[in-house]
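Trainee: Okay, so here is upload-v5.txt, and as you'll see once you scroll down, it has compact mmCIF, C-alpha atoms.
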# COMPACT_ATOMS: atom_id res chain seq x y z
CA MET B 149 -0.16 -21.75 -27.23
CA ASN B 150 -0.88 -25.51 -27.26
CA ASN B 151 2.87 -26.23 -27.30
CA ARG B 152 3.67 -24.08 -24.28
CA THR B 153 2.40 -23.34 -20.81
CA VAL B 154 -0.59 -21.12 -20.06
CA ASN B 155 0.78 -18.07 -18.26
CA THR B 156 -1.02 -15.75 -15.83
CA LEU B 157 0.49 -12.47 -14.66
CA PHE B 158 -0.41 -12.08 -10.99
CA MET B 159 0.52 -8.85 -9.22
CA LEU B 160 -0.44 -6.40 -6.51
CA MET B 161 -0.59 -2.82 -7.77
CA SER B 162 -1.81 0.63 -6.79
CA VAL B 163 -4.72 2.32 -8.54
CA ASP B 164 -2.21 4.20 -10.73
CA GLY B 165 -0.50 0.97 -11.78
CA LYS B 166 2.56 1.11 -9.53
CA ILE B 167 4.07 -2.08 -8.11
CA SER B 168 6.43 -0.37 -5.66
CA THR B 169 6.31 2.52 -3.22
CA GLY B 170 9.49 4.16 -4.54
CA VAL B 171 12.21 4.17 -7.17
CA ASP B 172 14.92 1.96 -5.65
CA ASP B 173 15.13 -1.44 -4.00
CA SER B 174 14.78 0.02 -0.50
CA PHE B 175 11.08 0.49 -1.33
CA ASP B 176 8.93 -2.61 -1.51
CA PHE B 177 5.19 -3.30 -1.31
CA ASP B 178 5.62 -6.33 0.95
CA LYS B 179 7.64 -4.28 3.43
CA ASP B 180 5.95 -0.90 3.13
CA LEU B 181 2.21 -1.54 2.75
CA PRO B 182 1.81 -3.20 6.18
CA GLU B 183 3.03 0.11 7.65
CA ILE B 184 0.25 2.17 6.05
CA PRO B 185 -3.03 2.45 8.02
CA MET B 186 -6.12 1.36 6.07
CA ILE B 187 -3.95 -0.26 3.38
CA ARG B 188 -2.67 -2.94 5.76
CA ASP B 189 -6.21 -3.78 6.85
CA GLY B 190 -7.04 -5.36 3.49
CA LEU B 191 -3.59 -6.57 2.46
CA GLN B 192 -4.05 -10.14 3.67
CA GLN B 193 -6.60 -10.65 0.89
CA TYR B 194 -3.78 -10.39 -1.66
CA TYR B 195 -1.76 -13.08 0.10
CA ASP B 196 -4.85 -15.28 0.40
CA ILE B 197 -5.45 -15.02 -3.36
CA GLU B 198 -1.75 -15.71 -4.00
CA GLN B 199 -2.17 -19.05 -2.23
CA THR B 200 -4.65 -20.08 -4.95
CA THR B 201 -2.29 -19.42 -7.88
CA ASP B 202 -0.34 -22.04 -9.87
CA LEU B 203 2.23 -24.32 -8.28
CA TRP B 204 4.85 -23.05 -10.75
CA SER B 205 5.91 -19.43 -10.38
CA PHE B 206 8.06 -17.44 -12.84
CA ILE B 207 10.06 -14.72 -11.09
CA SER B 208 13.25 -12.69 -11.44
CA ALA B 209 16.17 -13.12 -9.04
CA ARG B 210 16.16 -9.38 -8.42
CA VAL B 211 12.62 -9.58 -7.07
CA LEU B 212 13.62 -12.47 -4.81
CA VAL B 213 16.65 -10.60 -3.51
CA LYS B 214 14.40 -7.68 -2.56
CA THR B 215 12.51 -10.07 -0.29
CA GLY B 216 15.77 -10.81 1.53
CA VAL B 217 16.13 -14.41 0.36
CA ASN B 218 19.94 -14.23 0.37
CA LYS B 219 19.89 -13.30 4.06
CA LYS B 220 17.44 -15.90 5.28
CA SER B 221 18.68 -18.67 7.53
CA GLY B 222 17.28 -21.67 9.26
CA ALA B 223 15.17 -24.44 7.79
CA PRO B 224 12.05 -23.04 6.09
CA LYS B 225 8.74 -24.83 5.90
CA LYS B 226 8.61 -26.94 2.74
CA THR B 227 6.02 -25.91 0.15
CA PRO B 228 4.70 -27.66 -3.01
CA VAL B 229 5.54 -24.57 -5.09
CA SER B 230 8.32 -24.52 -7.70
CA PHE B 231 10.17 -21.43 -8.97
CA ILE B 232 11.53 -20.61 -12.42
CA VAL B 233 14.04 -17.85 -11.68
CA VAL B 234 15.64 -15.61 -14.32
CA ASP B 235 19.09 -14.67 -13.06
CA ASN B 236 21.65 -13.50 -15.63
CA ARG B 237 23.90 -11.65 -13.18
CA GLN B 238 24.04 -14.19 -10.34
CA HIS B 239 21.92 -12.17 -7.92
CA LEU B 240 21.26 -15.33 -5.91
CA THR B 241 24.05 -16.26 -3.54
CA GLU B 242 24.91 -19.70 -2.24
CA SER B 243 22.87 -18.95 0.87
CA GLY B 244 19.86 -17.85 -1.21
CA ILE B 245 19.95 -20.89 -3.48
CA THR B 246 20.32 -23.24 -0.52
CA TYR B 247 17.39 -21.60 1.27
CA LEU B 248 15.16 -21.82 -1.82
CA SER B 249 16.11 -25.43 -2.48
CA GLN B 250 14.99 -26.30 1.04
CA LYS B 251 11.74 -24.36 0.71
CA LEU B 252 10.62 -25.25 -2.83
CA ALA B 253 9.65 -28.42 -4.63
CA ARG B 254 11.88 -27.42 -7.58
CA LEU B 255 14.17 -24.48 -8.32
CA ILE B 256 15.03 -23.87 -11.96
CA ILE B 257 17.57 -21.15 -12.75
CA VAL B 258 17.34 -19.66 -16.26
CA THR B 259 20.42 -17.69 -17.27
CA THR B 260 22.69 -16.44 -20.06
CA ASN B 261 25.66 -16.57 -17.68
CA GLU B 262 27.76 -19.60 -18.62
CA ASN B 263 29.67 -19.25 -15.35
CA TYR B 264 26.56 -19.30 -13.20
CA GLU B 265 27.19 -21.25 -10.01
CA THR B 266 24.38 -23.35 -8.56
CA PHE B 267 26.67 -24.74 -5.84
CA ASP B 268 25.71 -28.31 -6.72
CA ASN B 269 28.51 -29.74 -4.63
CA LYS B 270 27.04 -28.11 -1.52
CA ASN B 271 23.35 -28.53 -2.31
CA HIS B 272 22.05 -31.72 -0.70
CA TYR B 273 18.44 -31.34 -1.81
CA GLY B 274 18.74 -32.48 -5.43
CA ASN B 275 16.06 -30.14 -6.74
CA VAL B 276 18.06 -27.32 -8.36
CA SER B 277 18.41 -27.22 -12.15
CA LYS B 278 19.90 -24.73 -14.60
CA ILE B 279 18.70 -23.88 -18.12
CA PHE B 280 21.34 -21.99 -20.11
CA TYR B 281 20.72 -19.78 -23.15
CA ARG B 282 23.60 -18.22 -25.00
CA ASP B 283 23.35 -14.42 -25.43
CA LYS B 284 19.56 -14.11 -24.97
CA ILE B 285 16.83 -16.11 -23.24
CA ASP B 286 14.27 -17.51 -25.68
CA PHE B 287 11.15 -17.29 -23.52
CA THR B 288 8.92 -19.02 -26.06
CA SER B 289 11.33 -21.96 -26.07
CA LEU B 290 11.52 -21.86 -22.27
CA PHE B 291 7.77 -22.18 -21.82
CA GLU B 292 7.66 -24.96 -24.42
CA VAL B 293 10.40 -26.81 -22.53
CA MET B 294 8.52 -26.34 -19.28
CA LYS B 295 5.50 -28.05 -20.80
CA SER B 296 7.26 -30.83 -22.71
CA SER B 297 10.09 -31.71 -20.35
CA TRP B 298 8.76 -30.64 -16.96
CA LYS B 299 5.08 -31.53 -17.58
CA THR B 300 4.01 -28.06 -16.50
CA ASP B 301 0.70 -26.80 -17.85
CA ARG B 302 0.26 -23.48 -16.07
CA ILE B 303 2.66 -20.86 -14.70
CA THR B 304 2.04 -17.76 -12.60
CA ILE B 305 4.26 -14.80 -13.54
CA GLN B 306 5.40 -12.65 -10.61
CA SER B 307 8.42 -10.93 -12.08
CA GLY B 308 9.33 -7.23 -12.31
CA ARG B 309 8.22 -4.62 -14.79
CA THR B 310 10.98 -5.26 -17.35
CA LEU B 311 10.37 -8.99 -17.66
CA ASN B 312 6.61 -8.40 -17.60
CA GLY B 313 7.07 -6.08 -20.57
CA VAL B 314 9.19 -8.59 -22.49
CA LEU B 315 6.66 -11.38 -21.99
CA LEU B 316 3.77 -9.11 -23.02
CA ARG B 317 5.54 -8.01 -26.23
CA GLU B 318 6.33 -11.63 -27.08
CA LYS B 319 2.66 -12.62 -26.61
CA LEU B 320 3.46 -15.00 -23.77
CA VAL B 321 0.99 -13.64 -21.21
CA ASP B 322 -2.43 -15.29 -21.48
CA TYR B 323 -4.27 -14.01 -18.41
CA ILE B 324 -3.97 -11.13 -15.94
CA ASN B 325 -4.93 -11.49 -12.28
CA ILE B 326 -4.49 -8.17 -10.47
CA VAL B 327 -5.21 -7.16 -6.90
CA VAL B 328 -5.62 -3.37 -6.75
CA ALA B 329 -4.79 -1.66 -3.47
CA PRO B 330 -6.63 1.62 -2.70
CA LEU B 331 -3.45 3.62 -3.05
CA LEU B 332 -1.94 6.27 -5.32
CA VAL B 333 1.86 6.31 -5.54
CA GLY B 334 2.78 8.61 -8.43
CA GLY B 335 6.28 9.31 -9.75
CA LYS B 336 7.40 8.87 -13.34
CA ASP B 337 10.26 6.53 -12.40
CA VAL B 338 8.42 4.29 -9.94
CA ALA B 339 7.97 0.78 -11.31
CA THR B 340 4.66 0.05 -13.04
CA LEU B 341 3.01 -3.26 -13.89
CA ILE B 342 4.49 -3.30 -17.40
CA GLY B 343 7.85 -1.74 -18.23
CA GLY B 344 10.59 -2.36 -20.76
CA LYS B 345 10.75 -0.90 -24.25
CA ASN B 346 8.16 1.61 -25.39
CA PRO B 347 5.61 0.19 -27.86
CA ASP B 348 6.42 1.17 -31.44
CA ASN B 349 3.19 -0.04 -33.05
CA LEU B 350 -0.32 -1.07 -32.06
CA SER B 351 0.53 -4.78 -32.25
CA ASN B 352 2.67 -4.32 -29.13
CA LEU B 353 -0.35 -3.41 -27.03
CA GLY B 354 -2.06 -5.90 -24.75
CA ILE B 355 -5.80 -5.96 -25.45
CA LEU B 356 -7.77 -7.35 -22.52
CA GLU B 357 -11.17 -8.95 -22.06
CA LEU B 358 -12.57 -8.66 -18.54
CA ILE B 359 -13.37 -12.03 -17.00
CA GLU B 360 -14.19 -11.02 -13.44
CA CYS B 361 -14.26 -7.92 -11.27
CA LYS B 362 -14.57 -8.66 -7.58
CA VAL B 363 -14.93 -5.98 -4.91
CA LEU B 364 -12.91 -7.04 -1.88
CA ASP B 365 -12.99 -5.70 1.67
CA ASN B 366 -11.30 -2.42 2.62
CA SER B 367 -11.70 -0.92 -0.88
CA TYR B 368 -9.47 -3.51 -2.61
CA LEU B 369 -10.34 -4.95 -6.03
CA ASN B 370 -9.51 -8.22 -7.77
CA LEU B 371 -9.51 -7.90 -11.56
CA LYS B 372 -9.15 -10.86 -13.92
CA TYR B 373 -8.60 -10.49 -17.68
CA LYS B 374 -7.93 -12.64 -20.68
CA VAL B 375 -5.25 -11.29 -23.03
CA MET B 376 -6.68 -11.24 -26.53
CA LYS B 377 -4.47 -12.50 -29.35
Please re-express this file's structure in structure tokens.

Mentor:
Amino acid sequence: MNNRTVNTLFMLMSVDGKISTGVDDSFDFDKDLPEIPMIRDGLQQYYDIEQTTDLWSFISARVLVKTGVNKKSGAPKKTPVSFIVVDNRQHLTESGITYLSQKLARLIIVTTNENYETFDNKNHYGNVSKIFYRDKIDFTSLFEVMKSSWKTDRITIQSGRTLNGVLLREKLVDYINIVVAPLLVGGKDVATLIGGKNPDNLSNLGILELIECKVLDNSYLNLKYKVMK
């Protein structure tokens, strides 16, 4: 781990481990939870904790698109946060990339798509970079590059269930920081915290050591774990 970044998975989930309110992209915690009485009363605590996470965030383009980033317009308020975005299928449009480049300190696109367009000729902000892997992204290499070339020590992971599962299996998640909403979602196909391939042996499991359990207002919890190696 000394050669790569220290990575913390930070997510909002229901008591039954769901990270969405339904099975398709029309359902989304950020959009739906503020509409639920009692749940919305404590939701701000999650966003407050999010403000204390690392200045580098690892996220998938699909998650960003769900937030409507491709449809945003106008000049956003600049933040000191930088994004590492996995986008193999060019989910981000020119509008989305331009918006993010205005908002973020740095935007790094990680892709296996050799034809990926970052619209450099139209991006006047000079803070968009692309890291290309042929065939398959080597996440261990990526996090080593982030530390050696980009001088990044710590990254917060806020991607979807599939990428979360890949990073867990590859032993690239070091800490878990979870805000638990007092909510049960159910449904076998609704996204959970960890997805991807089913574990085929015990070495694929993530064994956790509890660091902190904090009871928040409105029946929310904040759970922090260390992932044991």

Trainee: Taking all atoms listed in the file into account, which of B:Ile207, B:Val217, B:Leu248, B:Ile197 comes nearest B:Asn312?

Mentor: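 Distance minimum relative to B:Asn312 lands on B:Ile207.
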
Trainee: Sort by chain and increasing residue number a table of all residues of stretch 182-216 of chain B within 10 Å of stretch 150-165 of chain B, each with its closest pair of atoms and their distance in Å to one decimal, counting all atoms listed in the file, and write it as a Markdown table.

Mentor:
| residue | atom | partner | partner_atom | distance |
| --- | --- | --- | --- | --- |
| B:Leu191 | CA | B:Leu160 | CA | 9.5 |
| B:Tyr194 | CA | B:Leu160 | CA | 7.1 |
| B:Tyr195 | CA | B:Leu160 | CA | 9.5 |
| B:Ile197 | CA | B:Phe158 | CA | 9.6 |
| B:Glu198 | CA | B:Phe158 | CA | 8.0 |
| B:Thr201 | CA | B:Phe158 | CA | 8.2 |
| B:Asp202 | CA | B:Thr156 | CA | 8.7 |
| B:Trp204 | CA | B:Asn155 | CA | 9.9 |
| B:Ser205 | CA | B:Asn155 | CA | 9.5 |
| B:Phe206 | CA | B:Asn155 | CA | 9.1 |

Trainee: Keeping only C-alpha atoms, write the selected residues to a file as an mmCIF file, in the coordinates of the input.

Mentor:
data_model
loop_
_atom_site.group_PDB
_atom_site.id
_atom_site.type_symbol
_atom_site.label_atom_id
_atom_site.label_comp_id
_atom_site.auth_asym_id
_atom_site.auth_seq_id
_atom_site.Cartn_x
_atom_site.Cartn_y
_atom_site.Cartn_z
ATOM 1 C CA LEU B 191 -3.590 -6.570 2.460
ATOM 2 C CA TYR B 194 -3.780 -10.390 -1.660
ATOM 3 C CA TYR B 195 -1.760 -13.080 0.100
ATOM 4 C CA ILE B 197 -5.450 -15.020 -3.360
ATOM 5 C CA GLU B 198 -1.750 -15.710 -4.000
ATOM 6 C CA THR B 201 -2.290 -19.420 -7.880
ATOM 7 C CA ASP B 202 -0.340 -22.040 -9.870
ATOM 8 C CA TRP B 204 4.850 -23.050 -10.750
ATOM 9 C CA SER B 205 5.910 -19.430 -10.380
ATOM 10 C CA PHE B 206 8.060 -17.440 -12.840
#

Trainee: Go through stretch 223-328 of chain B residue by residue and, counting all atoms listed in the file, keep those with an atom at most 9 Å from stretch 333-344 of chain B; for each kept residue give the shortest atom pair and its distance in Å to one decimal, ordered by chain and increasing number, as a tab-separated table.

Mentor:
residue	atom	partner	partner_atom	distance
B:Gly308	CA	B:Leu341	CA	7.6
B:Arg309	CA	B:Gly343	CA	4.5
B:Thr310	CA	B:Gly344	CA	4.5
B:Leu311	CA	B:Gly344	CA	7.3
B:Asn312	CA	B:Ile342	CA	5.5
B:Gly313	CA	B:Ile342	CA	4.9
B:Val314	CA	B:Gly344	CA	6.6
B:Leu316	CA	B:Ile342	CA	8.1

Trainee: Check the smallest atom-to-atom distance from each of B:Leu331, B:Ile355, B:Leu240, B:Val233 to B:Asn218 using all atoms listed in the file, then report the winner.

Mentor: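 For B:Asn218, the nearest of the given residues is B:Leu240.
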
Trainee: Leaving out stretch 261-263 of chain B and any residue of its chain fewer than 3 positions from it, which residues lie within 8 Å of it when counting all atoms listed in the file, given as a list of chain:residue names?

Mentor: B:Asn236, B:Arg237, B:Gln238, B:Phe280, B:Arg282

Trainee: Expressed in Å to a single decimal, how great is the separation between atom CA of B:Asp189 and atom CA of B:Ser367?

Mentor: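 So the two atoms, atom CA of B:Asp189 and atom CA of B:Ser367, lie 9.9 Å apart.
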
Trainee: Missing atoms in stretch 286-320 of chain B need filling: write out N, CA and C atoms for it as a PDB file, in the frame of the given file.

Mentor:
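rebuild.pdb was written with the following content:
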ATOM      1  N   ASP B 286      15.402 -17.302 -24.774  1.00  0.00           N
ATOM      2  CA  ASP B 286      14.270 -17.510 -25.680  1.00  0.00           C
ATOM      3  C   ASP B 286      13.089 -17.951 -24.806  1.00  0.00           C
ATOM      4  N   PHE B 287      12.227 -16.988 -24.469  1.00  0.00           N
ATOM      5  CA  PHE B 287      11.150 -17.290 -23.520  1.00  0.00           C
ATOM      6  C   PHE B 287      10.091 -18.209 -24.124  1.00  0.00           C
ATOM      7  N   THR B 288       9.866 -18.095 -25.420  1.00  0.00           N
ATOM      8  CA  THR B 288       8.920 -19.020 -26.060  1.00  0.00           C
ATOM      9  C   THR B 288       9.430 -20.445 -25.926  1.00  0.00           C
ATOM     10  N   SER B 289      10.720 -20.637 -26.223  1.00  0.00           N
ATOM     11  CA  SER B 289      11.330 -21.960 -26.070  1.00  0.00           C
ATOM     12  C   SER B 289      11.269 -22.423 -24.628  1.00  0.00           C
ATOM     13  N   LEU B 290      11.538 -21.505 -23.695  1.00  0.00           N
ATOM     14  CA  LEU B 290      11.520 -21.860 -22.270  1.00  0.00           C
ATOM     15  C   LEU B 290      10.169 -22.412 -21.855  1.00  0.00           C
ATOM     16  N   PHE B 291       9.093 -21.731 -22.233  1.00  0.00           N
ATOM     17  CA  PHE B 291       7.770 -22.180 -21.820  1.00  0.00           C
ATOM     18  C   PHE B 291       7.351 -23.456 -22.553  1.00  0.00           C
ATOM     19  N   GLU B 292       7.896 -23.684 -23.736  1.00  0.00           N
ATOM     20  CA  GLU B 292       7.660 -24.960 -24.420  1.00  0.00           C
ATOM     21  C   GLU B 292       8.396 -26.089 -23.710  1.00  0.00           C
ATOM     22  N   VAL B 293       9.627 -25.810 -23.280  1.00  0.00           N
ATOM     23  CA  VAL B 293      10.400 -26.810 -22.530  1.00  0.00           C
ATOM     24  C   VAL B 293       9.726 -27.141 -21.206  1.00  0.00           C
ATOM     25  N   MET B 294       9.184 -26.105 -20.554  1.00  0.00           N
ATOM     26  CA  MET B 294       8.520 -26.340 -19.280  1.00  0.00           C
ATOM     27  C   MET B 294       7.331 -27.281 -19.450  1.00  0.00           C
ATOM     28  N   LYS B 295       6.645 -27.174 -20.571  1.00  0.00           N
ATOM     29  CA  LYS B 295       5.500 -28.050 -20.800  1.00  0.00           C
ATOM     30  C   LYS B 295       5.922 -29.449 -21.230  1.00  0.00           C
ATOM     31  N   SER B 296       6.886 -29.523 -22.159  1.00  0.00           N
ATOM     32  CA  SER B 296       7.260 -30.830 -22.710  1.00  0.00           C
ATOM     33  C   SER B 296       8.142 -31.640 -21.777  1.00  0.00           C
ATOM     34  N   SER B 297       9.117 -30.980 -21.157  1.00  0.00           N
ATOM     35  CA  SER B 297      10.090 -31.710 -20.350  1.00  0.00           C
ATOM     36  C   SER B 297       9.741 -31.762 -18.868  1.00  0.00           C
ATOM     37  N   TRP B 298       9.063 -30.718 -18.389  1.00  0.00           N
ATOM     38  CA  TRP B 298       8.760 -30.640 -16.960  1.00  0.00           C
ATOM     39  C   TRP B 298       7.271 -30.887 -16.666  1.00  0.00           C
ATOM     40  N   LYS B 299       6.505 -31.187 -17.729  1.00  0.00           N
ATOM     41  CA  LYS B 299       5.080 -31.530 -17.580  1.00  0.00           C
ATOM     42  C   LYS B 299       4.302 -30.453 -16.836  1.00  0.00           C
ATOM     43  N   THR B 300       4.641 -29.209 -17.136  1.00  0.00           N
ATOM     44  CA  THR B 300       4.010 -28.060 -16.500  1.00  0.00           C
ATOM     45  C   THR B 300       2.982 -27.467 -17.433  1.00  0.00           C
ATOM     46  N   ASP B 301       1.747 -27.351 -16.997  1.00  0.00           N
ATOM     47  CA  ASP B 301       0.700 -26.800 -17.850  1.00  0.00           C
ATOM     48  C   ASP B 301       0.476 -25.316 -17.639  1.00  0.00           C
ATOM     49  N   ARG B 302       0.602 -24.864 -16.390  1.00  0.00           N
ATOM     50  CA  ARG B 302       0.260 -23.480 -16.070  1.00  0.00           C
ATOM     51  C   ARG B 302       1.348 -22.866 -15.175  1.00  0.00           C
ATOM     52  N   ILE B 303       1.651 -21.593 -15.456  1.00  0.00           N
ATOM     53  CA  ILE B 303       2.660 -20.860 -14.700  1.00  0.00           C
ATOM     54  C   ILE B 303       2.104 -19.508 -14.299  1.00  0.00           C
ATOM     55  N   THR B 304       2.379 -19.102 -13.063  1.00  0.00           N
ATOM     56  CA  THR B 304       2.040 -17.760 -12.600  1.00  0.00           C
ATOM     57  C   THR B 304       3.280 -16.878 -12.687  1.00  0.00           C
ATOM     58  N   ILE B 305       3.153 -15.749 -13.358  1.00  0.00           N
ATOM     59  CA  ILE B 305       4.260 -14.800 -13.540  1.00  0.00           C
ATOM     60  C   ILE B 305       4.198 -13.772 -12.417  1.00  0.00           C
ATOM     61  N   GLN B 306       5.302 -13.630 -11.685  1.00  0.00           N
ATOM     62  CA  GLN B 306       5.400 -12.650 -10.610  1.00  0.00           C
ATOM     63  C   GLN B 306       6.739 -11.924 -10.677  1.00  0.00           C
ATOM     64  N   SER B 307       7.133 -11.576 -11.883  1.00  0.00           N
ATOM     65  CA  SER B 307       8.420 -10.930 -12.080  1.00  0.00           C
ATOM     66  C   SER B 307       8.276  -9.410 -12.031  1.00  0.00           C
ATOM     67  N   GLY B 308       9.355  -8.688 -12.335  1.00  0.00           N
ATOM     68  CA  GLY B 308       9.330  -7.230 -12.310  1.00  0.00           C
ATOM     69  C   GLY B 308       8.848  -6.634 -13.606  1.00  0.00           C
ATOM     70  N   ARG B 309       8.810  -5.321 -13.656  1.00  0.00           N
ATOM     71  CA  ARG B 309       8.220  -4.620 -14.790  1.00  0.00           C
ATOM     72  C   ARG B 309       8.917  -4.921 -16.114  1.00  0.00           C
ATOM     73  N   THR B 310      10.261  -5.050 -16.100  1.00  0.00           N
ATOM     74  CA  THR B 310      10.980  -5.260 -17.350  1.00  0.00           C
ATOM     75  C   THR B 310      10.644  -6.610 -17.958  1.00  0.00           C
ATOM     76  N   LEU B 311      10.719  -7.668 -17.156  1.00  0.00           N
ATOM     77  CA  LEU B 311      10.370  -8.990 -17.660  1.00  0.00           C
ATOM     78  C   LEU B 311       8.900  -9.073 -18.034  1.00  0.00           C
ATOM     79  N   ASN B 312       8.038  -8.440 -17.242  1.00  0.00           N
ATOM     80  CA  ASN B 312       6.610  -8.400 -17.600  1.00  0.00           C
ATOM     81  C   ASN B 312       6.424  -7.812 -18.989  1.00  0.00           C
ATOM     82  N   GLY B 313       7.169  -6.726 -19.271  1.00  0.00           N
ATOM     83  CA  GLY B 313       7.070  -6.080 -20.570  1.00  0.00           C
ATOM     84  C   GLY B 313       7.559  -6.973 -21.694  1.00  0.00           C
ATOM     85  N   VAL B 314       8.656  -7.670 -21.477  1.00  0.00           N
ATOM     86  CA  VAL B 314       9.190  -8.590 -22.490  1.00  0.00           C
ATOM     87  C   VAL B 314       8.175  -9.681 -22.809  1.00  0.00           C
ATOM     88  N   LEU B 315       7.608 -10.283 -21.780  1.00  0.00           N
ATOM     89  CA  LEU B 315       6.660 -11.380 -21.990  1.00  0.00           C
ATOM     90  C   LEU B 315       5.388 -10.888 -22.679  1.00  0.00           C
ATOM     91  N   LEU B 316       4.942  -9.666 -22.351  1.00  0.00           N
ATOM     92  CA  LEU B 316       3.770  -9.110 -23.020  1.00  0.00           C
ATOM     93  C   LEU B 316       4.043  -8.899 -24.499  1.00  0.00           C
ATOM     94  N   ARG B 317       5.196  -8.283 -24.831  1.00  0.00           N
ATOM     95  CA  ARG B 317       5.540  -8.010 -26.230  1.00  0.00           C
ATOM     96  C   ARG B 317       5.679  -9.295 -27.036  1.00  0.00           C
ATOM     97  N   GLU B 318       6.136 -10.357 -26.381  1.00  0.00           N
ATOM     98  CA  GLU B 318       6.330 -11.630 -27.080  1.00  0.00           C
ATOM     99  C   GLU B 318       5.078 -12.508 -27.053  1.00  0.00           C
ATOM    100  N   LYS B 319       3.968 -11.934 -26.591  1.00  0.00           N
ATOM    101  CA  LYS B 319       2.660 -12.620 -26.610  1.00  0.00           C
ATOM    102  C   LYS B 319       2.677 -13.891 -25.770  1.00  0.00           C
ATOM    103  N   LEU B 320       3.332 -13.825 -24.625  1.00  0.00           N
ATOM    104  CA  LEU B 320       3.460 -15.000 -23.770  1.00  0.00           C
ATOM    105  C   LEU B 320       2.673 -14.872 -22.477  1.00  0.00           C
TER     106      LEU B 320
END
